[in-house]
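Step one of this worksheet: look at the structure below.
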Amino acid sequence: GAGGSGIDLRAIMPGGLMVLAAALLYCVFGFFPWYTQNFGCGLPDLPQGVPCSVSFNAWRRESAVFSAIVFLLAGGAFLVKARKGIPAPKVPLDLIALGAVVLGDLFFLITFFSVKAGTFGIARGWGLWVDLVVVIGINGGAVLQFISKGA
């Protein structure tokens, strides 16, 4: 009936909620510069109005897109867990989410280390550093939820 439906966020607090919020933040900060490339900045003969640097966001790298999708899936697993009236799967959702977070970590690390900073004027952008902190939060939330539920 209608009484068995709804979302009980207490079932995923605090870790699952951390993962869900951080996964959304990860996607938001993915639109900001993850990499910048400077070429000719500071040269005296650079014509007026010509950009001397460009930036690239997470959505330009396949591994970063995969990490965002997997982190969102981990958050989604916790949302499913919070939904009342859904029978529990044979494998605990906390374990599924933790596995998804580890996979997301792998894709994030591939993105983080695949472009060598310093080569051809490439540097890691501030969006990437913020998302590194967000990834740490995602991991902390997933581990906290996994441990707190004794899965």
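Lettering and numbering for the structure tokens are positional, with chains as A, B, ... in the shown order, residues counted from 1 in each chain, and ligands counted from 1 in the shown order.
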(Q) Using only C-alpha atoms, which protein or nucleic acid residues come within 7 Å of Asp131 in chain A? Drop anything in the same chain fewer than 4 positions from it, and give the result as an MDAnalysis selection string. (A) chainID A and resid 26 29 127 135
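For the atom pair formed by CA of Val19 in chain A and CA of Ala142 in chain A, the distance is 6.2 Å, given to one decimal.
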Q | All strand (DSSP E) positions in range 51-111 of chain A, as an MDAnalysis selection string | A | chainID A and resid 53:56
Output the selection as a CSV table (one decimal), in the first residue's frame - N, CA and C atoms for each residue.
```
chain,number,residue,atom,x,y,z
A,53,SER,N,45.9,30.6,-23.0
A,53,SER,CA,45.7,29.3,-22.3
A,53,SER,C,44.3,28.8,-22.5
A,54,VAL,N,44.1,27.5,-22.4
A,54,VAL,CA,42.8,26.8,-22.5
A,54,VAL,C,42.6,25.9,-21.3
A,55,SER,N,41.4,25.6,-21.0
A,55,SER,CA,41.1,24.7,-19.9
A,55,SER,C,40.2,23.6,-20.4
A,56,PHE,N,40.3,22.4,-19.8
A,56,PHE,CA,39.5,21.3,-20.1
A,56,PHE,C,38.8,20.8,-18.8
```
Q. Which neighbours of Leu79 in chain A fall inside 9 Å, counting only C-alpha atoms, when residues of the same chain fewer than 5 positions from it are skipped, and could you give them as an MDAnalysis selection string?
A. chainID A and resid 7 9 12 16:17 20 74
Q) Separation of CA of Cys52 in chain A and CA of Gly30 in chain A, in Å? A) 22.4 Å
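Distances from A:Tyr35, A:Gly99, A:Met18, A:Cys27 to Ala117 in chain A were compared using only C-alpha atoms, and the smallest one belongs to A:Tyr35.
Atom to atom, CA of Asp8 in chain A and CA of Ala82 in chain A stand 5.0 Å apart.
In terms of minimum interatomic distance to Ile96 in chain A, A:Gly75 ranks closest within A:Gly118, A:Ala123, A:Gly75, A:Glu62, counting only C-alpha atoms.
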Q.
When DSSP is applied to the backbone of this structure, which of chain A are assigned helix (DSSP H, G or I)? Write them out as a VMD selection string.
A. chain A and resid 2 to 4 9 to 12 15 to 29 58 to 60 62 to 82 93 to 114 119 to 121 126 to 148
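Here the question is which of A:Ile122, A:Ile147, A:Leu132, A:Ile138 gets nearest to Phe39 in chain A using only C-alpha atoms, and that residue is A:Ile122.
With distances restricted to only C-alpha atoms, A:Ala100 is the closest residue to Leu73 in chain A from A:Leu95, A:Ala100, A:Gly85, A:Lys90.
Residues within 12 Å of Phe31 in chain A, counting only C-alpha atoms and excluding same-chain residues fewer than 5 positions away, are Leu24, Leu25, Tyr26, Ser55, Phe56, Asn57, Ala58, Trp59, Arg60, Arg61, Ala64, Val65, Ala68, Gly125, Trp126, Gly127, Leu128, Val130 and Asp131 of chain A.
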Write the residues you've just listed into a file as a PDB file, in the first residue's frame, and include N, CA and C atoms for each of them.
```pdb
ATOM      1  N   LEU A  24      27.020  14.052  -6.349  1.00  0.00           N
ATOM      2  CA  LEU A  24      26.429  15.189  -7.064  1.00  0.00           C
ATOM      3  C   LEU A  24      27.424  16.343  -7.162  1.00  0.00           C
ATOM      4  N   LEU A  25      28.155  16.614  -6.073  1.00  0.00           N
ATOM      5  CA  LEU A  25      29.192  17.661  -6.099  1.00  0.00           C
ATOM      6  C   LEU A  25      30.283  17.328  -7.110  1.00  0.00           C
ATOM      7  N   TYR A  26      30.652  16.056  -7.167  1.00  0.00           N
ATOM      8  CA  TYR A  26      31.673  15.608  -8.114  1.00  0.00           C
ATOM      9  C   TYR A  26      31.275  15.983  -9.541  1.00  0.00           C
ATOM     10  N   SER A  55      41.369  25.611 -20.968  1.00  0.00           N
ATOM     11  CA  SER A  55      41.136  24.657 -19.887  1.00  0.00           C
ATOM     12  C   SER A  55      40.183  23.577 -20.373  1.00  0.00           C
ATOM     13  N   PHE A  56      40.313  22.431 -19.758  1.00  0.00           N
ATOM     14  CA  PHE A  56      39.494  21.272 -20.103  1.00  0.00           C
ATOM     15  C   PHE A  56      38.813  20.795 -18.834  1.00  0.00           C
ATOM     16  N   ASN A  57      37.534  20.418 -18.962  1.00  0.00           N
ATOM     17  CA  ASN A  57      36.837  19.915 -17.787  1.00  0.00           C
ATOM     18  C   ASN A  57      36.775  18.386 -17.824  1.00  0.00           C
ATOM     19  N   ALA A  58      36.145  17.819 -16.801  1.00  0.00           N
ATOM     20  CA  ALA A  58      36.090  16.362 -16.672  1.00  0.00           C
ATOM     21  C   ALA A  58      35.353  15.695 -17.817  1.00  0.00           C
ATOM     22  N   TRP A  59      34.406  16.405 -18.412  1.00  0.00           N
ATOM     23  CA  TRP A  59      33.546  15.789 -19.417  1.00  0.00           C
ATOM     24  C   TRP A  59      34.266  15.607 -20.747  1.00  0.00           C
ATOM     25  N   ARG A  60      35.521  16.029 -20.827  1.00  0.00           N
ATOM     26  CA  ARG A  60      36.322  15.841 -22.043  1.00  0.00           C
ATOM     27  C   ARG A  60      37.171  14.570 -21.962  1.00  0.00           C
ATOM     28  N   ARG A  61      37.132  13.876 -20.825  1.00  0.00           N
ATOM     29  CA  ARG A  61      37.953  12.671 -20.639  1.00  0.00           C
ATOM     30  C   ARG A  61      37.029  11.499 -20.316  1.00  0.00           C
ATOM     31  N   ALA A  64      37.058  10.129 -16.734  1.00  0.00           N
ATOM     32  CA  ALA A  64      36.395  11.008 -15.769  1.00  0.00           C
ATOM     33  C   ALA A  64      34.885  10.875 -15.874  1.00  0.00           C
ATOM     34  N   VAL A  65      34.379  10.739 -17.083  1.00  0.00           N
ATOM     35  CA  VAL A  65      32.937  10.547 -17.271  1.00  0.00           C
ATOM     36  C   VAL A  65      32.512   9.219 -16.644  1.00  0.00           C
ATOM     37  N   ALA A  68      32.321   9.578 -12.895  1.00  0.00           N
ATOM     38  CA  ALA A  68      31.107  10.298 -12.480  1.00  0.00           C
ATOM     39  C   ALA A  68      29.894   9.381 -12.520  1.00  0.00           C
ATOM     40  N   GLY A 125      44.013  21.624 -13.032  1.00  0.00           N
ATOM     41  CA  GLY A 125      43.187  22.774 -12.697  1.00  0.00           C
ATOM     42  C   GLY A 125      42.561  22.643 -11.320  1.00  0.00           C
ATOM     43  N   TRP A 126      42.018  23.752 -10.834  1.00  0.00           N
ATOM     44  CA  TRP A 126      41.460  23.772  -9.482  1.00  0.00           C
ATOM     45  C   TRP A 126      40.245  22.855  -9.351  1.00  0.00           C
ATOM     46  N   GLY A 127      39.495  22.648 -10.413  1.00  0.00           N
ATOM     47  CA  GLY A 127      38.337  21.753 -10.355  1.00  0.00           C
ATOM     48  C   GLY A 127      38.736  20.321 -10.056  1.00  0.00           C
ATOM     49  N   LEU A 128      39.873  19.907 -10.603  1.00  0.00           N
ATOM     50  CA  LEU A 128      40.378  18.558 -10.350  1.00  0.00           C
ATOM     51  C   LEU A 128      40.784  18.401  -8.890  1.00  0.00           C
ATOM     52  N   VAL A 130      39.626  20.123  -6.318  1.00  0.00           N
ATOM     53  CA  VAL A 130      38.408  20.103  -5.498  1.00  0.00           C
ATOM     54  C   VAL A 130      37.760  18.729  -5.580  1.00  0.00           C
ATOM     55  N   ASP A 131      37.699  18.161  -6.784  1.00  0.00           N
ATOM     56  CA  ASP A 131      37.092  16.841  -6.920  1.00  0.00           C
ATOM     57  C   ASP A 131      37.923  15.750  -6.254  1.00  0.00           C
TER      58      ASP A 131
END
```
